[in-house]
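Data from model_35.pdb: PDB, C-alpha atoms
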```pdb
ATOM      1  CA  CYS T 275      46.935-165.095  66.693
ATOM      2  CA  PRO T 276      50.401-166.350  65.842
ATOM      3  CA  CYS T 277      52.252-163.187  64.969
ATOM      4  CA  PRO T 278      55.663-161.983  64.057
ATOM      5  CA  LEU T 279      55.589-158.700  65.886
ATOM      6  CA  PRO T 280      55.396-155.359  64.124
ATOM      7  CA  ARG T 281      57.615-153.011  66.058
ATOM      8  CA  GLY T 282      56.393-150.337  68.411
ATOM      9  CA  ASP T 283      53.283-149.185  70.126
ATOM     10  CA  SER T 284      50.713-151.408  68.417
ATOM     11  CA  SER T 285      52.533-154.518  69.642
ATOM     12  CA  LEU T 286      52.786-153.128  73.141
ATOM     13  CA  SER T 287      49.049-152.297  73.167
ATOM     14  CA  ARG T 288      48.182-155.789  72.013
ATOM     15  CA  LEU T 289      50.356-157.379  74.674
ATOM     16  CA  LEU T 290      48.897-155.078  77.349
ATOM     17  CA  ARG T 291      45.357-155.923  76.251
ATOM     18  CA  HIS T 292      46.004-159.661  76.543
ATOM     19  CA  LEU T 293      47.589-159.275  79.976
ATOM     20  CA  LEU T 294      44.882-156.990  81.319
ATOM     21  CA  SER T 295      42.256-159.583  80.391
ATOM     22  CA  ALA T 296      43.478-161.661  83.382
ATOM     23  CA  ARG T 297      40.783-162.228  85.976
ATOM     24  CA  ARG T 298      42.238-164.910  88.255
ATOM     25  CA  SER T 299      45.937-165.521  87.610
ATOM     26  CA  LEU T 300      48.964-164.353  85.696
ATOM     27  CA  ASP T 301      52.088-166.526  85.582
ATOM     28  CA  ILE T 302      55.113-164.803  84.070
ATOM     29  CA  CYS T 303      58.400-166.487  83.184
ATOM     30  CA  LEU T 304      60.778-163.931  81.724
ATOM     31  CA  PHE T 305      64.513-163.663  81.166
ATOM     32  CA  ALA T 306      64.445-159.846  81.106
ATOM     33  CA  PHE T 307      61.691-157.477  82.247
ATOM     34  CA  SER T 308      62.344-153.744  82.077
ATOM     35  CA  CYS T 309      59.413-152.211  80.180
ATOM     36  CA  PRO T 310      57.713-149.730  82.586
ATOM     37  CA  GLN T 311      54.254-149.928  80.955
ATOM     38  CA  LEU T 312      54.208-153.709  81.269
ATOM     39  CA  GLY T 313      55.479-153.423  84.852
ATOM     40  CA  ARG T 314      52.625-151.062  85.696
ATOM     41  CA  ALA T 315      50.079-153.414  84.110
ATOM     42  CA  VAL T 316      51.350-156.325  86.209
ATOM     43  CA  GLN T 317      51.135-154.208  89.374
ATOM     44  CA  LEU T 318      47.602-153.130  88.458
ATOM     45  CA  LEU T 319      46.527-156.775  88.104
ATOM     46  CA  HIS T 320      48.090-157.559  91.483
ATOM     47  CA  ARG T 321      46.123-154.706  93.089
ATOM     48  CA  ARG T 322      42.946-156.011  91.435
ATOM     49  CA  GLY T 323      43.426-159.303  93.257
ATOM     50  CA  VAL T 324      44.740-161.366  90.347
ATOM     51  CA  ARG T 325      47.264-163.952  91.644
ATOM     52  CA  VAL T 326      50.520-162.858  89.984
ATOM     53  CA  ARG T 327      53.614-165.061  90.063
ATOM     54  CA  VAL T 328      56.893-164.089  88.381
ATOM     55  CA  VAL T 329      59.890-166.271  87.542
ATOM     56  CA  THR T 330      63.002-164.551  86.261
ATOM     57  CA  ASP T 331      66.748-164.812  85.731
ATOM     58  CA  ALA T 332      69.052-164.075  88.661
ATOM     59  CA  GLN T 333      71.747-162.374  86.596
ATOM     60  CA  TYR T 334      69.307-160.032  84.855
ATOM     61  CA  MET T 335      66.828-159.167  87.582
ATOM     62  CA  GLY T 336      69.133-156.641  89.272
ATOM     63  CA  LEU T 337      70.304-154.773  86.187
ATOM     64  CA  GLN T 338      69.501-151.091  85.946
ATOM     65  CA  GLY T 339      65.992-150.515  84.655
ATOM     66  CA  SER T 340      64.753-153.947  85.730
ATOM     67  CA  GLN T 341      61.113-154.004  86.843
ATOM     68  CA  ILE T 342      61.708-156.937  89.201
ATOM     69  CA  GLY T 343      62.587-154.870  92.272
ATOM     70  CA  LEU T 344      59.460-152.752  91.822
ATOM     71  CA  LEU T 345      57.284-155.854  91.530
ATOM     72  CA  ARG T 346      58.765-157.350  94.702
ATOM     73  CA  HIS T 347      58.347-154.019  96.474
ATOM     74  CA  ALA T 348      54.675-154.060  95.472
ATOM     75  CA  GLY T 349      54.275-157.427  97.198
ATOM     76  CA  ILE T 350      54.274-159.607  94.103
ATOM     77  CA  GLN T 351      55.898-163.030  94.483
ATOM     78  CA  VAL T 352      59.052-163.349  92.391
ATOM     79  CA  ARG T 353      61.330-166.366  92.177
ATOM     80  CA  HIS T 354      64.633-166.640  90.315
ATOM     81  CA  ASP T 355      67.021-169.369  89.260
ATOM     82  CA  GLN T 356      70.043-170.359  91.328
ATOM     83  CA  GLU T 357      72.067-171.755  88.463
ATOM     84  CA  ASN T 358      74.870-170.794  86.134
ATOM     85  CA  GLY T 359      72.746-171.005  83.007
ATOM     86  CA  TYR T 360      70.113-168.463  82.091
ATOM     87  CA  MET T 361      66.412-168.772  82.857
ATOM     88  CA  HIS T 362      65.822-167.833  79.225
ATOM     89  CA  HIS T 363      62.072-168.437  78.783
ATOM     90  CA  LYS T 364      59.880-165.541  77.633
ATOM     91  CA  PHE T 365      56.319-166.585  78.291
ATOM     92  CA  ALA T 366      53.242-165.667  80.286
ATOM     93  CA  ILE T 367      50.050-167.580  81.000
ATOM     94  CA  VAL T 368      46.778-165.709  81.597
ATOM     95  CA  ASP T 369      44.131-167.427  83.753
ATOM     96  CA  GLY T 370      45.778-170.800  83.053
ATOM     97  CA  ARG T 371      44.325-170.755  79.540
ATOM     98  CA  MET T 372      46.112-168.252  77.298
ATOM     99  CA  LEU T 373      49.796-168.729  76.486
ATOM    100  CA  ILE T 374      51.855-165.753  75.306
ATOM    101  CA  THR T 375      55.329-166.887  74.187
ATOM    102  CA  GLY T 376      58.044-166.106  71.684
ATOM    103  CA  SER T 377      61.372-164.374  71.275
ATOM    104  CA  LEU T 378      60.329-161.157  73.026
ATOM    105  CA  ASN T 379      61.762-160.101  76.348
ATOM    106  CA  TRP T 380      59.622-157.430  77.979
ATOM    107  CA  THR T 381      62.043-154.569  77.388
ATOM    108  CA  THR T 382      61.419-151.250  75.684
ATOM    109  CA  GLN T 383      64.460-151.861  73.458
ATOM    110  CA  ALA T 384      63.017-155.134  72.189
ATOM    111  CA  ILE T 385      59.518-153.751  71.637
ATOM    112  CA  GLN T 386      60.697-150.623  69.853
ATOM    113  CA  ASN T 387      63.755-151.753  67.902
ATOM    114  CA  ASN T 388      64.058-155.518  67.484
ATOM    115  CA  ARG T 389      62.649-158.086  65.100
ATOM    116  CA  GLU T 390      60.644-160.334  67.408
ATOM    117  CA  ASN T 391      57.777-162.789  67.423
ATOM    118  CA  VAL T 392      55.015-163.454  69.916
ATOM    119  CA  LEU T 393      52.587-166.342  69.737
ATOM    120  CA  VAL T 394      49.266-166.089  71.563
ATOM    121  CA  MET T 395      47.643-169.503  71.870
ATOM    122  CA  GLU T 396      44.700-170.973  73.720
ATOM    123  CA  ASP T 397      44.925-174.599  72.488
ATOM    124  CA  ALA T 398      45.384-176.772  75.580
ATOM    125  CA  GLU T 399      47.840-178.890  73.593
ATOM    126  CA  TYR T 400      50.235-175.946  73.565
ATOM    127  CA  VAL T 401      49.308-174.279  76.855
ATOM    128  CA  LYS T 402      49.594-177.389  79.043
ATOM    129  CA  PRO T 403      53.339-178.074  78.665
ATOM    130  CA  PHE T 404      54.077-174.439  79.531
ATOM    131  CA  LEU T 405      51.760-174.582  82.570
ATOM    132  CA  ASP T 406      53.603-177.722  83.698
ATOM    133  CA  GLU T 407      56.981-176.086  83.093
ATOM    134  CA  PHE T 408      55.911-173.036  85.108
ATOM    135  CA  GLU T 409      54.789-175.109  88.106
ATOM    136  CA  LYS T 410      57.988-177.168  87.932
ATOM    137  CA  ILE T 411      60.209-174.085  87.856
ATOM    138  CA  TRP T 412      58.118-172.353  90.548
ATOM    139  CA  GLU T 413      58.808-175.239  92.938
ATOM    140  CA  GLU T 414      62.420-175.661  91.915
ATOM    141  CA  TYR T 415      63.133-171.951  92.541
ATOM    142  CA  ASN T 416      61.343-171.920  95.911
ATOM    143  CA  PRO T 417      63.503-169.758  98.212
ATOM    144  CA  ILE T 418      63.402-172.580 100.740
ATOM    145  CA  ASN T 419      65.775-174.370  98.395
ATOM    146  CA  TYR T 420      68.434-171.635  98.461
ATOM    147  CA  ARG T 421      71.765-173.326  99.048
ATOM    148  CA  PHE T 422      74.968-172.075 100.575
ATOM    149  CA  PHE T 423      78.007-173.961  99.377
TER
ATOM    150  CA  CYS B 140      55.211-181.402  70.103
ATOM    151  CA  PRO B 141      55.163-178.184  72.104
ATOM    152  CA  CYS B 142      57.954-178.636  74.576
ATOM    153  CA  PRO B 143      59.800-176.811  77.257
ATOM    154  CA  LEU B 144      63.248-178.135  76.553
ATOM    155  CA  PRO B 145      65.003-180.565  78.873
ATOM    156  CA  ARG B 146      68.627-179.551  78.922
ATOM    157  CA  GLY B 147      71.388-181.317  77.100
ATOM    158  CA  ASP B 148      71.927-183.968  74.503
ATOM    159  CA  SER B 149      68.380-185.298  74.116
ATOM    160  CA  SER B 150      67.165-181.828  73.124
ATOM    161  CA  LEU B 151      69.994-181.436  70.677
ATOM    162  CA  SER B 152      69.254-184.862  69.131
ATOM    163  CA  ARG B 153      65.601-183.988  68.745
ATOM    164  CA  LEU B 154      66.393-180.668  67.089
ATOM    165  CA  LEU B 155      68.937-182.350  64.781
ATOM    166  CA  ARG B 156      66.410-185.018  63.812
ATOM    167  CA  HIS B 157      63.797-182.410  62.859
ATOM    168  CA  LEU B 158      66.317-180.421  60.819
ATOM    169  CA  LEU B 159      67.741-183.460  59.040
ATOM    170  CA  SER B 160      64.237-184.398  57.889
ATOM    171  CA  ALA B 161      64.433-181.503  55.398
ATOM    172  CA  ARG B 162      64.159-182.634  51.773
ATOM    173  CA  ARG B 163      63.651-179.418  49.822
ATOM    174  CA  SER B 164      64.258-176.311  51.924
ATOM    175  CA  LEU B 165      65.458-175.041  55.268
ATOM    176  CA  ASP B 166      64.859-171.410  56.246
ATOM    177  CA  ILE B 167      66.677-170.341  59.400
ATOM    178  CA  CYS B 168      66.163-167.040  61.229
ATOM    179  CA  LEU B 169      68.436-166.916  64.262
ATOM    180  CA  PHE B 170      69.799-164.227  66.548
ATOM    181  CA  ALA B 171      72.809-166.349  67.605
ATOM    182  CA  PHE B 172      74.171-169.516  65.990
ATOM    183  CA  SER B 173      77.331-171.047  67.448
ATOM    184  CA  CYS B 174      76.541-174.739  68.082
ATOM    185  CA  PRO B 175      78.993-176.787  65.952
ATOM    186  CA  GLN B 176      76.769-179.876  65.646
ATOM    187  CA  LEU B 177      73.872-177.793  64.335
ATOM    188  CA  GLY B 178      76.263-175.968  61.997
ATOM    189  CA  ARG B 179      77.465-179.286  60.581
ATOM    190  CA  ALA B 180      73.869-180.477  60.092
ATOM    191  CA  VAL B 181      73.009-177.331  58.137
ATOM    192  CA  GLN B 182      76.109-177.777  55.943
ATOM    193  CA  LEU B 183      75.178-181.422  55.352
ATOM    194  CA  LEU B 184      71.705-180.429  54.155
ATOM    195  CA  HIS B 185      73.243-177.838  51.826
ATOM    196  CA  ARG B 186      75.523-180.515  50.328
ATOM    197  CA  ARG B 187      72.513-182.788  49.867
ATOM    198  CA  GLY B 188      70.912-180.136  47.670
ATOM    199  CA  VAL B 189      68.410-178.771  50.179
ATOM    200  CA  ARG B 190      67.926-175.025  49.588
ATOM    201  CA  VAL B 191      69.247-173.461  52.798
ATOM    202  CA  ARG B 192      68.703-169.770  53.587
ATOM    203  CA  VAL B 193      69.932-168.148  56.786
ATOM    204  CA  VAL B 194      68.938-164.800  58.311
ATOM    205  CA  THR B 195      70.897-163.582  61.309
ATOM    206  CA  ASP B 196      71.869-160.600  63.439
ATOM    207  CA  ALA B 197      74.692-158.354  62.246
ATOM    208  CA  GLN B 198      76.121-157.675  65.709
ATOM    209  CA  TYR B 199      76.251-161.359  66.666
ATOM    210  CA  MET B 200      77.283-163.074  63.455
ATOM    211  CA  GLY B 201      80.950-162.125  63.773
ATOM    212  CA  LEU B 202      81.445-163.032  67.422
ATOM    213  CA  GLN B 203      83.981-165.733  68.255
ATOM    214  CA  GLY B 204      82.478-169.195  67.862
ATOM    215  CA  SER B 205      79.791-168.047  65.444
ATOM    216  CA  GLN B 206      78.874-170.618  62.777
ATOM    217  CA  ILE B 207      77.843-167.928  60.287
ATOM    218  CA  GLY B 208      81.270-167.493  58.673
ATOM    219  CA  LEU B 209      81.571-171.250  58.167
ATOM    220  CA  LEU B 210      78.124-171.402  56.565
ATOM    221  CA  ARG B 211      78.985-168.565  54.172
ATOM    222  CA  HIS B 212      82.329-170.209  53.392
ATOM    223  CA  ALA B 213      80.417-173.389  52.511
ATOM    224  CA  GLY B 214      78.382-171.425  49.955
ATOM    225  CA  ILE B 215      75.193-171.093  51.982
ATOM    226  CA  GLN B 216      73.261-167.843  51.486
ATOM    227  CA  VAL B 217      73.227-165.730  54.644
ATOM    228  CA  ARG B 218      71.590-162.343  55.049
ATOM    229  CA  HIS B 219      71.741-160.048  58.089
ATOM    230  CA  ASP B 220      69.984-156.962  59.351
ATOM    231  CA  GLN B 221      71.312-153.452  58.773
ATOM    232  CA  GLU B 222      69.612-151.862  61.730
ATOM    233  CA  ASN B 223      70.362-150.785  65.267
ATOM    234  CA  GLY B 224      67.932-153.218  66.854
ATOM    235  CA  TYR B 225      68.538-156.939  67.081
ATOM    236  CA  MET B 226      67.234-159.515  64.630
ATOM    237  CA  HIS B 227      66.061-161.468  67.670
ATOM    238  CA  HIS B 228      63.946-164.263  66.123
ATOM    239  CA  LYS B 229      64.875-167.874  66.868
ATOM    240  CA  PHE B 230      63.004-169.983  64.338
ATOM    241  CA  ALA B 231      63.491-172.387  61.473
ATOM    242  CA  ILE B 232      61.090-173.717  58.857
ATOM    243  CA  VAL B 233      61.621-177.163  57.344
ATOM    244  CA  ASP B 234      60.261-177.755  53.821
ATOM    245  CA  GLY B 235      57.866-174.836  54.267
ATOM    246  CA  ARG B 236      55.708-176.960  56.551
ATOM    247  CA  MET B 237      57.345-177.499  59.952
ATOM    248  CA  LEU B 238      57.977-174.522  62.229
ATOM    249  CA  ILE B 239      60.581-174.781  64.993
ATOM    250  CA  THR B 240      60.477-171.716  67.251
ATOM    251  CA  GLY B 241      60.960-170.643  70.852
ATOM    252  CA  SER B 242      63.417-169.028  73.209
ATOM    253  CA  LEU B 243      66.417-171.125  72.133
ATOM    254  CA  ASN B 244      69.367-169.641  70.294
ATOM    255  CA  TRP B 245      71.429-172.339  68.629
ATOM    256  CA  THR B 246      74.356-172.116  71.031
ATOM    257  CA  THR B 247      75.980-174.866  73.070
ATOM    258  CA  GLN B 248      75.605-172.700  76.195
ATOM    259  CA  ALA B 249      71.853-172.451  75.709
ATOM    260  CA  ILE B 250      71.353-176.140  74.905
ATOM    261  CA  GLN B 251      73.483-177.352  77.823
ATOM    262  CA  ASN B 252      72.824-174.824  80.582
ATOM    263  CA  ASN B 253      69.737-172.674  80.045
ATOM    264  CA  ARG B 254      66.020-173.074  80.702
ATOM    265  CA  GLU B 255      64.557-172.836  77.203
ATOM    266  CA  ASN B 256      61.509-173.788  75.202
ATOM    267  CA  VAL B 257      61.099-174.962  71.634
ATOM    268  CA  LEU B 258      57.776-175.402  69.858
ATOM    269  CA  VAL B 259      57.571-177.685  66.846
ATOM    270  CA  MET B 260      54.373-177.066  64.891
ATOM    271  CA  GLU B 261      52.935-178.114  61.565
ATOM    272  CA  ASP B 262      49.562-176.332  61.713
ATOM    273  CA  ALA B 263      49.448-173.952  58.728
ATOM    274  CA  GLU B 264      47.752-171.386  60.988
ATOM    275  CA  TYR B 265      50.998-171.065  62.937
ATOM    276  CA  VAL B 266      53.520-171.811  60.182
ATOM    277  CA  LYS B 267      52.179-169.323  57.622
ATOM    278  CA  PRO B 268      52.886-166.061  59.519
ATOM    279  CA  PHE B 269      56.464-167.210  60.130
ATOM    280  CA  LEU B 270      56.893-168.150  56.450
ATOM    281  CA  ASP B 271      55.621-164.688  55.509
ATOM    282  CA  GLU B 272      57.912-163.040  58.048
ATOM    283  CA  PHE B 273      60.890-164.986  56.682
ATOM    284  CA  GLU B 274      60.214-163.957  53.073
ATOM    285  CA  LYS B 275      59.709-160.348  54.140
ATOM    286  CA  ILE B 276      62.972-160.251  56.082
ATOM    287  CA  TRP B 277      64.813-162.118  53.321
ATOM    288  CA  GLU B 278      63.893-159.367  50.832
ATOM    289  CA  GLU B 279      64.460-156.543  53.267
ATOM    290  CA  TYR B 280      67.970-157.795  54.088
ATOM    291  CA  ASN B 281      68.886-158.333  50.414
ATOM    292  CA  PRO B 282      72.510-157.149  50.096
ATOM    293  CA  ILE B 283      71.412-155.020  47.131
ATOM    294  CA  ASN B 284      69.756-152.797  49.748
ATOM    295  CA  TYR B 285      72.982-152.146  51.681
ATOM    296  CA  ARG B 286      73.169-148.419  52.299
ATOM    297  CA  PHE B 287      76.115-146.135  52.860
ATOM    298  CA  PHE B 288      75.203-143.043  54.774
TER
END
```
Would it be possible to restate this file's structure as structure tokens?
Amino acid sequence: CPCPLPRGDSSLSRLLRHLLSARRSLDICLFAFSCPQLGRAVQLLHRRGVRVRVVTDAQYMGLQGSQIGLLRHAGIQVRHDQENGYMHHKFAIVDGRMLITGSLNWTTQAIQNNRENVLVMEDAEYVKPFLDEFEKIWEEYNPINYRFF
Amino acid sequence: CPCPLPRGDSSLSRLLRHLLSARRSLDICLFAFSCPQLGRAVQLLHRRGVRVRVVTDAQYMGLQGSQIGLLRHAGIQVRHDQENGYMHHKFAIVDGRMLITGSLNWTTQAIQNNRENVLVMEDAEYVKPFLDEFEKIWEEYNPINYRFF
């Protein structure tokens, strides 16, 4: 369903439902992640044994209300950029087959108050380039590559 | 082509090429628009007689470097939200048939330095909901609806 997002709880429920359908893997690539309900869902999947990987933006991950610290504390692997620019993607891939992408950062502000869009797609034509981008970023942001200057 | 966006000039050229293919209409719905080259392309299309409509965010349109004032000065119709939340979409529709959407705001910073994605799609299944969303927002943000409080 390609969908400009109606604001509020129905959008959040739909997003939660898609995420909680994950059985094997969840790859998340998000500029900003502060919504507690979505954070809890990601932790639940991790506890269920789903392989969760999170890529995020270095400048935003430590802001007040960020879910990133909680995810790391729960043992979920998180990697972040080491660049000046923003890691500005807002997508997730469920079980390597369902792409969720759009303008929406996973923040309560955005879900409740903004005009946003979220596309949910299972066509390999669209999913594949995002899978490739995720793997590329995941390697590039490997902590082994941290550089002092 | 669904494409995570390589940074820099090749992405900008590709985006410009898609936009400049417009013959009849260009509908733009953008949170932030400050890239001068893209601003000039939009003005060029307007001068060629393409019907250009722009929807943007009230809090961002007046920031330094914004292209919105220049577009209005050139006679292009621009409408903005009157709400607390952000008008956070980042999409454009060329001739009612090609959807360009993703994480990218049309700013030089984003094009040059950020990790971004842009999807370019012509399937009606994906284009239609964005066309509907544009028309809905366009009416909702009609200046005749401005409210004093």
Contacts of B:Leu258 within 12 Å, all atoms listed in the file, excl. fewer than 4 positions in-chain, as an MDAnalysis selection string: (chainID T and resid 375:377 393 395 399:401 403:404) or (chainID B and resid 140:144 150 153:154 157 229:232 237:243 262 265:266)
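Distance annotation: of B:Arg236, B:Phe170, B:Gln182, B:Ile207, the residue with the minimal separation from chain T is B:Phe170; atom set is all atoms listed in the file.
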Is it possible to see chain B as a CSV table (one decimal) with C-alpha atoms, keeping the file's coordinate frame, once it has been laid onto chain T by a least-squares fit on every C-alpha atom in order?
```csv
chain,number,residue,atom,x,y,z
B,140,CYS,CA,46.9,-165.1,66.7
B,141,PRO,CA,50.4,-166.3,65.9
B,142,CYS,CA,52.3,-163.2,65.0
B,143,PRO,CA,55.7,-162.0,64.1
B,144,LEU,CA,55.6,-158.7,65.9
B,145,PRO,CA,55.4,-155.4,64.1
B,146,ARG,CA,57.6,-153.0,66.1
B,147,GLY,CA,56.4,-150.3,68.4
B,148,ASP,CA,53.3,-149.2,70.1
B,149,SER,CA,50.7,-151.4,68.4
B,150,SER,CA,52.5,-154.5,69.6
B,151,LEU,CA,52.8,-153.1,73.1
B,152,SER,CA,49.0,-152.3,73.2
B,153,ARG,CA,48.2,-155.8,72.0
B,154,LEU,CA,50.4,-157.4,74.7
B,155,LEU,CA,48.9,-155.1,77.3
B,156,ARG,CA,45.4,-155.9,76.3
B,157,HIS,CA,46.0,-159.7,76.5
B,158,LEU,CA,47.6,-159.3,80.0
B,159,LEU,CA,44.9,-157.0,81.3
B,160,SER,CA,42.3,-159.6,80.4
B,161,ALA,CA,43.5,-161.7,83.4
B,162,ARG,CA,40.8,-162.3,86.0
B,163,ARG,CA,42.2,-164.9,88.3
B,164,SER,CA,45.9,-165.5,87.6
B,165,LEU,CA,49.0,-164.4,85.7
B,166,ASP,CA,52.1,-166.5,85.6
B,167,ILE,CA,55.1,-164.8,84.1
B,168,CYS,CA,58.4,-166.5,83.2
B,169,LEU,CA,60.8,-163.9,81.7
B,170,PHE,CA,64.5,-163.7,81.2
B,171,ALA,CA,64.5,-159.8,81.1
B,172,PHE,CA,61.7,-157.5,82.2
B,173,SER,CA,62.4,-153.7,82.1
B,174,CYS,CA,59.4,-152.2,80.2
B,175,PRO,CA,57.7,-149.7,82.6
B,176,GLN,CA,54.3,-149.9,81.0
B,177,LEU,CA,54.2,-153.7,81.3
B,178,GLY,CA,55.5,-153.4,84.8
B,179,ARG,CA,52.6,-151.1,85.7
B,180,ALA,CA,50.1,-153.4,84.1
B,181,VAL,CA,51.3,-156.3,86.2
B,182,GLN,CA,51.1,-154.2,89.4
B,183,LEU,CA,47.6,-153.1,88.5
B,184,LEU,CA,46.5,-156.8,88.1
B,185,HIS,CA,48.1,-157.6,91.5
B,186,ARG,CA,46.1,-154.7,93.1
B,187,ARG,CA,42.9,-156.0,91.5
B,188,GLY,CA,43.4,-159.3,93.3
B,189,VAL,CA,44.7,-161.4,90.4
B,190,ARG,CA,47.3,-163.9,91.6
B,191,VAL,CA,50.5,-162.9,90.0
B,192,ARG,CA,53.6,-165.1,90.1
B,193,VAL,CA,56.9,-164.1,88.4
B,194,VAL,CA,59.9,-166.3,87.5
B,195,THR,CA,63.0,-164.6,86.3
B,196,ASP,CA,66.7,-164.8,85.7
B,197,ALA,CA,69.1,-164.1,88.7
B,198,GLN,CA,71.8,-162.4,86.6
B,199,TYR,CA,69.3,-160.0,84.9
B,200,MET,CA,66.8,-159.1,87.6
B,201,GLY,CA,69.1,-156.6,89.3
B,202,LEU,CA,70.3,-154.8,86.2
B,203,GLN,CA,69.5,-151.1,86.0
B,204,GLY,CA,66.0,-150.5,84.6
B,205,SER,CA,64.7,-153.9,85.7
B,206,GLN,CA,61.1,-154.0,86.9
B,207,ILE,CA,61.7,-156.9,89.2
B,208,GLY,CA,62.6,-154.9,92.3
B,209,LEU,CA,59.5,-152.8,91.8
B,210,LEU,CA,57.3,-155.9,91.5
B,211,ARG,CA,58.8,-157.3,94.7
B,212,HIS,CA,58.4,-154.0,96.5
B,213,ALA,CA,54.7,-154.1,95.5
B,214,GLY,CA,54.3,-157.4,97.2
B,215,ILE,CA,54.3,-159.6,94.1
B,216,GLN,CA,55.9,-163.0,94.5
B,217,VAL,CA,59.1,-163.3,92.4
B,218,ARG,CA,61.3,-166.4,92.2
B,219,HIS,CA,64.6,-166.7,90.3
B,220,ASP,CA,67.0,-169.4,89.3
B,221,GLN,CA,70.1,-170.4,91.3
B,222,GLU,CA,72.1,-171.8,88.5
B,223,ASN,CA,74.9,-170.8,86.1
B,224,GLY,CA,72.7,-171.0,83.0
B,225,TYR,CA,70.1,-168.5,82.1
B,226,MET,CA,66.4,-168.8,82.9
B,227,HIS,CA,65.8,-167.8,79.2
B,228,HIS,CA,62.1,-168.4,78.8
B,229,LYS,CA,59.9,-165.5,77.6
B,230,PHE,CA,56.3,-166.6,78.3
B,231,ALA,CA,53.2,-165.7,80.3
B,232,ILE,CA,50.0,-167.6,81.0
B,233,VAL,CA,46.8,-165.7,81.6
B,234,ASP,CA,44.1,-167.4,83.8
B,235,GLY,CA,45.8,-170.8,83.1
B,236,ARG,CA,44.3,-170.8,79.5
B,237,MET,CA,46.1,-168.2,77.3
B,238,LEU,CA,49.8,-168.7,76.5
B,239,ILE,CA,51.9,-165.8,75.3
B,240,THR,CA,55.3,-166.9,74.2
B,241,GLY,CA,58.1,-166.1,71.7
B,242,SER,CA,61.4,-164.4,71.3
B,243,LEU,CA,60.3,-161.1,73.0
B,244,ASN,CA,61.8,-160.1,76.3
B,245,TRP,CA,59.6,-157.4,78.0
B,246,THR,CA,62.0,-154.6,77.4
B,247,THR,CA,61.4,-151.2,75.7
B,248,GLN,CA,64.5,-151.9,73.5
B,249,ALA,CA,63.0,-155.1,72.2
B,250,ILE,CA,59.5,-153.8,71.6
B,251,GLN,CA,60.7,-150.6,69.8
B,252,ASN,CA,63.8,-151.8,67.9
B,253,ASN,CA,64.1,-155.5,67.5
B,254,ARG,CA,62.6,-158.1,65.1
B,255,GLU,CA,60.6,-160.3,67.4
B,256,ASN,CA,57.8,-162.8,67.4
B,257,VAL,CA,55.0,-163.5,69.9
B,258,LEU,CA,52.6,-166.4,69.7
B,259,VAL,CA,49.3,-166.1,71.6
B,260,MET,CA,47.6,-169.5,71.9
B,261,GLU,CA,44.7,-171.0,73.7
B,262,ASP,CA,44.9,-174.6,72.5
B,263,ALA,CA,45.4,-176.8,75.6
B,264,GLU,CA,47.8,-178.9,73.6
B,265,TYR,CA,50.2,-176.0,73.6
B,266,VAL,CA,49.3,-174.3,76.9
B,267,LYS,CA,49.6,-177.4,79.1
B,268,PRO,CA,53.3,-178.1,78.7
B,269,PHE,CA,54.1,-174.4,79.5
B,270,LEU,CA,51.8,-174.6,82.6
B,271,ASP,CA,53.6,-177.7,83.7
B,272,GLU,CA,57.0,-176.1,83.1
B,273,PHE,CA,55.9,-173.0,85.1
B,274,GLU,CA,54.8,-175.1,88.1
B,275,LYS,CA,58.0,-177.2,87.9
B,276,ILE,CA,60.2,-174.1,87.9
B,277,TRP,CA,58.1,-172.4,90.5
B,278,GLU,CA,58.8,-175.2,92.9
B,279,GLU,CA,62.4,-175.7,91.9
B,280,TYR,CA,63.1,-172.0,92.5
B,281,ASN,CA,61.3,-171.9,95.9
B,282,PRO,CA,63.5,-169.8,98.2
B,283,ILE,CA,63.4,-172.6,100.8
B,284,ASN,CA,65.8,-174.4,98.4
B,285,TYR,CA,68.4,-171.6,98.4
B,286,ARG,CA,71.8,-173.3,99.0
B,287,PHE,CA,75.0,-172.1,100.5
B,288,PHE,CA,78.0,-173.9,99.3
```
Test item: the PyMOL selection byres ((chain T and resi 321) around 12) resolved as an MDAnalysis selection string: chainID T and resid 297:298 314:320 322:326 345 348:350
Best match for closeness to T:Thr381 among T:Gln333, T:Ser295, T:Gln311, T:Asn358, counting all atoms listed in the file: T:Gln311
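Among T:Val352, T:Leu286, T:Val329, T:Ala398, the residue with the shortest atom-to-atom distance to T:Gly370, counting only C-alpha atoms, is T:Ala398.
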